[in-house]
file model_6.txt (compact mmCIF, C-alpha atoms)
# COMPACT_ATOMS: atom_id res chain seq x y z
CA CYS G 1 69.13 132.32 96.91
CA LEU G 2 67.28 129.15 97.93
CA GLY G 3 70.58 127.50 98.77
CA ASN G 4 71.55 130.40 101.03
CA PHE G 5 68.22 130.24 102.84
CA ALA G 6 68.70 126.49 103.27
CA ILE G 7 72.13 127.00 104.84
CA LEU G 8 70.65 129.40 107.40
CA LEU G 9 67.73 127.10 108.18
CA GLU G 10 69.98 124.05 108.49
CA LYS G 11 71.66 125.65 111.50
CA LYS G 12 68.35 125.69 113.40
CA PRO G 13 67.69 122.43 115.25
CA ASP G 14 63.88 122.47 115.21
CA PRO G 15 62.17 119.95 112.87
CA ASP G 16 60.25 122.60 110.90
CA SER G 17 63.46 124.45 109.98
CA GLN G 18 65.20 121.22 109.07
CA GLU G 19 62.32 120.16 106.82
CA LEU G 20 62.21 123.56 105.16
CA ALA G 21 65.99 123.49 104.62
CA LEU G 22 65.63 120.10 102.95
CA SER G 23 62.91 121.45 100.68
CA TYR G 24 65.00 124.49 99.71
CA TYR G 25 68.08 122.36 98.98
CA LYS G 26 66.02 120.10 96.71
CA ARG G 27 64.54 123.07 94.85
CA ALA G 28 67.96 124.70 94.50
CA LEU G 29 69.39 121.48 93.09
CA ARG G 30 66.57 121.06 90.55
CA GLY G 31 66.97 124.67 89.44
CA LYS G 32 70.73 124.37 88.95
CA GLU G 33 70.41 121.07 87.12
CA THR G 34 67.98 122.75 84.70
CA LEU G 35 69.95 125.95 84.21
CA LEU G 36 73.55 124.77 84.52
CA GLY G 37 73.49 121.03 83.93
CA LYS G 38 74.18 118.14 86.29
CA LYS G 39 77.98 118.32 85.98
CA ASN G 40 78.37 122.03 86.70
CA PRO G 41 80.46 122.73 89.85
CA ASP G 42 77.67 124.83 91.40
CA THR G 43 75.19 122.03 90.77
CA LEU G 44 77.51 119.54 92.43
CA ARG G 45 77.85 121.81 95.46
CA SER G 46 74.06 121.86 95.78
CA LEU G 47 74.00 118.08 95.46
CA SER G 48 76.64 117.79 98.18
CA ASN G 49 74.78 120.19 100.50
CA LEU G 50 71.56 118.23 100.10
CA ALA G 51 73.31 114.91 100.71
CA MET G 52 75.06 116.16 103.84
CA LEU G 53 71.78 117.39 105.30
CA LEU G 54 70.13 114.04 104.53
CA GLU G 55 72.98 112.25 106.28
CA SER G 56 72.64 114.43 109.36
CA GLN G 57 68.92 113.64 109.42
CA GLY G 58 69.59 109.90 109.35
CA SER G 59 69.02 109.13 105.66
CA VAL G 60 72.52 107.68 105.30
CA GLU G 61 71.83 105.34 102.38
CA GLU G 62 70.24 108.07 100.27
CA ALA G 63 73.01 110.48 101.19
CA GLN G 64 75.73 107.99 100.26
CA VAL G 65 74.25 107.45 96.81
CA MET G 66 74.25 111.22 96.19
CA LEU G 67 77.72 111.74 97.62
CA THR G 68 79.15 108.86 95.57
CA ASP G 69 77.64 110.41 92.44
CA CYS G 70 79.10 113.77 93.41
CA LEU G 71 82.51 112.16 94.01
CA GLN G 72 82.49 110.51 90.60
CA GLN G 73 81.48 113.72 88.83
CA ARG G 74 84.10 115.79 90.65
CA THR G 75 86.81 113.21 90.00
CA GLU G 76 86.09 113.35 86.26
CA ALA G 77 85.79 117.15 86.13
CA LEU G 78 88.39 118.29 88.67
CA GLY G 79 90.74 115.37 89.25
CA LYS G 80 91.11 112.99 92.17
CA ASP G 81 93.22 115.33 94.33
CA HIS G 82 91.16 118.51 93.97
CA SER G 83 89.97 119.84 97.34
CA GLU G 84 86.28 119.51 96.42
CA THR G 85 86.83 115.94 95.21
CA LEU G 86 88.60 115.06 98.46
CA SER G 87 85.81 116.69 100.44
CA SER G 88 83.31 114.44 98.66
CA ARG G 89 85.44 111.36 99.35
CA ALA G 90 85.62 112.27 103.05
CA ALA G 91 81.84 112.64 103.10
CA VAL G 92 81.43 109.19 101.54
CA ALA G 93 83.80 107.82 104.19
CA GLY G 94 81.62 109.39 106.88
CA CYS G 95 78.60 107.51 105.52
CA LEU G 96 80.58 104.27 105.53
CA LEU G 97 81.47 104.83 109.17
CA LYS G 98 77.85 105.37 110.12
CA LYS G 99 76.91 102.15 108.34
CA GLY G 100 79.56 100.21 110.27
CA GLN G 101 81.77 99.66 107.22
CA HIS G 102 84.86 100.69 109.14
CA LYS G 103 87.53 99.03 106.99
CA GLN G 104 86.25 100.71 103.83
CA ALA G 105 86.03 104.03 105.69
CA CYS G 106 89.68 103.71 106.74
CA GLN G 107 90.70 103.14 103.14
CA GLU G 108 88.77 106.20 101.95
CA TYR G 109 90.15 108.44 104.70
CA GLN G 110 93.69 107.27 103.89
CA THR G 111 93.11 108.30 100.26
CA VAL G 112 91.77 111.67 101.44
CA LEU G 113 94.81 112.23 103.65
CA THR G 114 97.24 111.32 100.87
CA GLY G 115 95.45 113.69 98.49
CA TYR G 116 95.48 116.66 100.85
CA VAL G 117 99.12 116.16 101.77
CA THR G 118 100.03 115.96 98.08
CA THR G 119 98.14 119.10 97.07
CA LEU G 120 98.19 121.28 100.19
CA GLY G 121 101.07 119.99 102.28
CA PRO G 122 101.07 118.11 105.61
CA SER G 123 100.46 121.16 107.81
CA SER G 124 97.39 122.53 106.01
CA PRO G 125 94.18 122.58 108.09
CA MET G 126 92.52 120.08 105.73
CA SER G 127 95.49 117.70 105.95
CA ILE G 128 95.49 117.85 109.74
CA GLN G 129 91.74 117.22 109.86
CA ALA G 130 92.25 114.26 107.54
CA VAL G 131 94.79 112.79 109.99
CA SER G 132 92.23 113.11 112.77
CA ASP G 133 89.46 111.58 110.63
CA LEU G 134 91.69 108.64 109.75
CA ALA G 135 92.52 108.16 113.43
CA TYR G 136 88.83 108.04 114.32
CA SER G 137 88.08 105.48 111.61
CA LEU G 138 91.01 103.32 112.73
CA MET G 139 89.68 103.42 116.28
CA ALA G 140 86.23 102.39 115.02
CA ASN G 141 87.91 99.51 113.18
CA GLU G 142 89.59 98.49 116.47
CA GLN G 143 93.09 99.23 115.18
CA MET G 144 93.97 100.95 118.43
CA GLU G 145 97.75 101.21 118.06
CA ASP G 146 97.39 102.70 114.58
CA ALA G 147 94.67 105.03 115.82
CA LEU G 148 96.88 106.18 118.68
CA SER G 149 99.73 106.90 116.28
CA MET G 150 97.46 109.03 114.09
CA TYR G 151 95.92 110.89 117.04
CA LYS G 152 99.39 111.69 118.37
CA LYS G 153 100.35 112.95 114.92
CA ALA G 154 97.24 115.16 114.74
CA THR G 155 97.98 116.51 118.21
CA ALA G 156 101.58 117.38 117.31
CA LEU G 157 100.52 119.07 114.07
CA ARG G 158 97.81 121.11 115.81
CA LEU G 159 100.15 122.13 118.61
CA GLN G 160 102.63 123.40 116.05
CA LYS G 161 100.05 125.18 113.90
CA TYR G 162 97.51 126.49 116.43
CA GLY G 163 99.15 126.32 119.86
CA GLY G 164 98.06 124.51 122.99
CA SER G 165 94.92 126.49 123.77
CA HIS G 166 93.14 126.19 120.42
CA PRO G 167 89.86 124.20 120.60
CA SER G 168 90.99 121.74 117.92
CA THR G 169 94.24 121.08 119.79
CA LEU G 170 92.35 120.51 123.02
CA LYS G 171 90.04 118.06 121.24
CA SER G 172 93.13 116.21 120.03
CA PHE G 173 94.37 116.02 123.63
CA PHE G 174 91.00 114.59 124.63
CA ASP G 175 90.79 112.08 121.78
CA THR G 176 94.36 110.90 122.31
CA GLY G 177 93.68 110.49 126.01
CA LEU G 178 90.69 108.25 125.32
CA VAL G 179 92.71 105.96 123.04
CA LEU G 180 95.55 105.84 125.58
CA VAL G 181 93.03 104.54 128.11
CA GLN G 182 91.90 101.82 125.72
CA VAL G 183 95.46 100.60 125.09
CA GLY G 184 96.20 100.56 128.83
CA GLN G 185 98.54 103.58 128.99
CA CYS G 186 96.64 105.18 131.85
CA LYS G 187 99.36 107.47 133.23
CA GLU G 188 99.90 109.01 129.80
CA ALA G 189 96.13 109.25 129.38
CA VAL G 190 95.80 111.24 132.62
CA GLN G 191 98.49 113.68 131.47
CA MET G 192 96.77 114.20 128.12
CA LEU G 193 93.31 114.59 129.66
CA LYS G 194 94.62 117.03 132.28
CA ALA G 195 96.06 119.16 129.48
CA ALA G 196 92.66 119.10 127.77
CA GLU G 197 90.79 119.92 131.00
CA LYS G 198 93.05 122.85 131.83
CA GLY G 199 92.72 124.21 128.32
CA TYR G 200 88.90 123.96 128.40
CA ALA G 201 88.87 125.70 131.78
CA ASP G 202 91.03 128.52 130.41
CA ILE G 203 89.04 129.20 127.23
CA GLY G 204 85.56 128.52 128.69
CA GLY G 205 82.45 127.45 126.83
CA ARG G 206 83.30 123.74 126.67
CA GLU G 207 81.82 122.59 129.97
CA ALA G 208 80.53 119.24 128.71
CA LEU G 209 83.96 118.18 127.46
CA ARG G 210 85.66 119.57 130.55
CA GLU G 211 83.34 117.57 132.79
CA LYS G 212 84.10 114.42 130.80
CA CYS G 213 87.82 115.04 131.32
CA VAL G 214 87.35 115.53 135.05
CA GLY G 215 85.26 112.36 135.36
CA ILE G 216 87.70 110.16 133.44
CA ILE G 217 90.73 111.59 135.25
CA GLY G 218 89.09 110.95 138.61
CA PHE G 219 88.28 107.36 137.68
CA LEU G 220 91.78 106.66 136.37
CA GLU G 221 93.53 108.20 139.37
CA GLU G 222 91.32 106.27 141.78
CA THR G 223 92.02 103.05 139.88
CA GLN G 224 95.76 103.73 140.00
CA LYS G 225 95.63 104.33 143.77
CA GLU G 226 93.76 101.08 144.32
CA GLY G 227 96.34 99.22 142.22
CA GLU G 228 99.24 100.76 144.16
CA GLY G 229 97.52 99.85 147.44
CA GLU G 230 97.21 96.23 146.45
CA GLU G 231 100.85 96.08 145.35
CA GLY G 232 102.04 97.62 148.60
CA GLY G 233 99.94 95.45 150.91
CA GLU G 234 101.52 93.09 153.43
CA GLU G 235 101.70 89.43 152.61
CA VAL G 236 99.68 87.17 154.94
call {"tool": "encode", "arguments": {"input": "model_6.txt", "output": "structure tokens"}}
result
Amino acid sequence: CLGNFAILLEKKPDPDSQELALSYYKRALRGKETLLGKKNPDTLRSLSNLAMLLESQGSVEEAQVMLTDCLQQRTEALGKDHSETLSSRAAVAGCLLKKGQHKQACQEYQTVLTGYVTTLGPSSPMSIQAVSDLAYSLMANEQMEDALSMYKKATALRLQKYGGSHPSTLKSFFDTGLVLVQVGQCKEAVQMLKAAEKGYADIGGREALREKCVGIIGFLEETQKEGEGEEGGEEV
């Protein structure tokens, strides 16, 4: 019951609700540890929920300790490729990213991806999300070509599974476009960002992302025009 209340409160952004959610998660965890034991799957879910809330509130170190403990317990109880174990590993990787430990995060996300593909197949939603997470960590680690390859893979998988107008596919268009800009493939970036912008315009409700697309497209097209003008100028 306390855990359910905490989940509802966590969705509210005001500080009082967040603090109350934290209190409820802690009480729920203590209760389950007493009644069920620390290694029970329900107890570990409560531990994970508490850790994820702490991370979102900025307590990354504390959250990582809890999530690492949860990962170890789930690995022992469920196996390294169980979906809940992989979820814990991805959460640990998220903490590593926030701490700037990008190389370690890449390694963890690669393990997560391999696990999901092995157990669920390459086209499962969790596998596709893992591809996207790995791409983001590679970008953070400044491995741009590798990141671009992974983002393109995530885009292709989402297009096949969800179609071109699904929000997750549009986000893949957007993310891929940003990396294309960073590797200097501006024409391809414009195409990808225009696909994202059109999709956001069609589905509505994503004005912030649509505006970002419009702004970046405008900048890139203006830059391209200036470059073409300089190339076509008369020699003096």
call {"tool": "residues_around", "arguments": {"input": "model_6.txt", "residues": "Lys198 (chain G)", "least_positions_apart": "5", "cutoff": "10 Å", "atoms": "only C-alpha atoms", "output": "VMD selection string"}}
result
chain G and resid 165 170 193 203 to 204 210 213 to 214
call {"tool": "closest_residue", "arguments": {"input": "model_6.txt", "among": "G:Arg206, G:Arg45, G:Lys161, G:Arg89", "to": "Gln72 (chain G)", "atoms": "all atoms listed in the file"}}
result
G:Arg89
call {"tool": "residues_around", "arguments": {"input": "model_6.txt", "residues": "Val131 (chain G)", "least_positions_apart": "6", "cutoff": "8 Å", "atoms": "all atoms listed in the file", "output": "PDB file with C-alpha atoms, in the frame of the given file"}}
result
ATOM      1  CA  LEU G 113      94.810 112.230 103.650  1.00  0.00           C
ATOM      2  CA  MET G 150      97.460 109.030 114.090  1.00  0.00           C
ATOM      3  CA  TYR G 151      95.920 110.890 117.040  1.00  0.00           C
ATOM      4  CA  LYS G 153     100.350 112.950 114.920  1.00  0.00           C
ATOM      5  CA  ALA G 154      97.240 115.160 114.740  1.00  0.00           C
TER       6      ALA G 154
END
call {"tool": "residues_near_point", "arguments": {"input": "model_6.txt", "point": "(80.4, 111.2, 103.8)", "cutoff": "10 Å", "atoms": "all atoms listed in the file", "output": "VMD selection string"}}
result
chain G and resid 48 51 to 52 55 60 63 to 64 66 to 68 87 to 98 105 108
call {"tool": "atom_distance", "arguments": {"input": "model_6.txt", "atom1": "CA of Val112 (chain G)", "atom2": "CA of Gly163 (chain G)"}}
result
24.7 Å
call {"tool": "axis_aligned_box", "arguments": {"input": "model_6.txt", "around": "region 204-221 of chain G", "padding_each_side": "5 Å", "output": "AutoDock Vina command-line options"}}
result
--center_x 87.0 --center_y 117.6 --center_z 133.0 --size_x 23.0 --size_y 31.9 --size_z 22.7
call {"tool": "atom_distance", "arguments": {"input": "model_6.txt", "atom1": "CA of Ser83 (chain G)", "atom2": "CA of Gln110 (chain G)"}}
result
14.7 Å
call {"tool": "atom_distance", "arguments": {"input": "model_6.txt", "atom1": "CA of Met139 (chain G)", "atom2": "CA of Pro125 (chain G)"}}
result
21.3 Å
call {"tool": "residues_near_point", "arguments": {"input": "model_6.txt", "point": "(94.0, 118.9, 106.7)", "cutoff": "10 Å", "atoms": "only C-alpha atoms", "output": "number ranges by chain"}}
result
G: 112-113, 115-117, 120-133, 154, 157
call {"tool": "write_last_selection", "arguments": {"input": "model_6.txt", "atoms": "C-alpha atoms", "output": "mmCIF file, in the coordinates of the input"}}
result
data_model
loop_
_atom_site.group_PDB
_atom_site.id
_atom_site.type_symbol
_atom_site.label_atom_id
_atom_site.label_comp_id
_atom_site.auth_asym_id
_atom_site.auth_seq_id
_atom_site.Cartn_x
_atom_site.Cartn_y
_atom_site.Cartn_z
ATOM 1 C CA VAL G 112 91.770 111.670 101.440
ATOM 2 C CA LEU G 113 94.810 112.230 103.650
ATOM 3 C CA GLY G 115 95.450 113.690 98.490
ATOM 4 C CA TYR G 116 95.480 116.660 100.850
ATOM 5 C CA VAL G 117 99.120 116.160 101.770
ATOM 6 C CA LEU G 120 98.190 121.280 100.190
ATOM 7 C CA GLY G 121 101.070 119.990 102.280
ATOM 8 C CA PRO G 122 101.070 118.110 105.610
ATOM 9 C CA SER G 123 100.460 121.160 107.810
ATOM 10 C CA SER G 124 97.390 122.530 106.010
ATOM 11 C CA PRO G 125 94.180 122.580 108.090
ATOM 12 C CA MET G 126 92.520 120.080 105.730
ATOM 13 C CA SER G 127 95.490 117.700 105.950
ATOM 14 C CA ILE G 128 95.490 117.850 109.740
ATOM 15 C CA GLN G 129 91.740 117.220 109.860
ATOM 16 C CA ALA G 130 92.250 114.260 107.540
ATOM 17 C CA VAL G 131 94.790 112.790 109.990
ATOM 18 C CA SER G 132 92.230 113.110 112.770
ATOM 19 C CA ASP G 133 89.460 111.580 110.630
ATOM 20 C CA ALA G 154 97.240 115.160 114.740
ATOM 21 C CA LEU G 157 100.520 119.070 114.070
#
call {"tool": "closest_residue", "arguments": {"input": "model_6.txt", "among": "G:Leu44, G:Met192, G:Cys106, G:Ala28", "to": "Leu78 (chain G)", "atoms": "all atoms listed in the file"}}
result
G:Leu44
call {"tool": "closest_residue", "arguments": {"input": "model_6.txt", "among": "G:Glu19, G:Glu62, G:Asp175, G:Asp81", "to": "Lys152 (chain G)", "atoms": "all atoms listed in the file"}}
result
G:Asp175
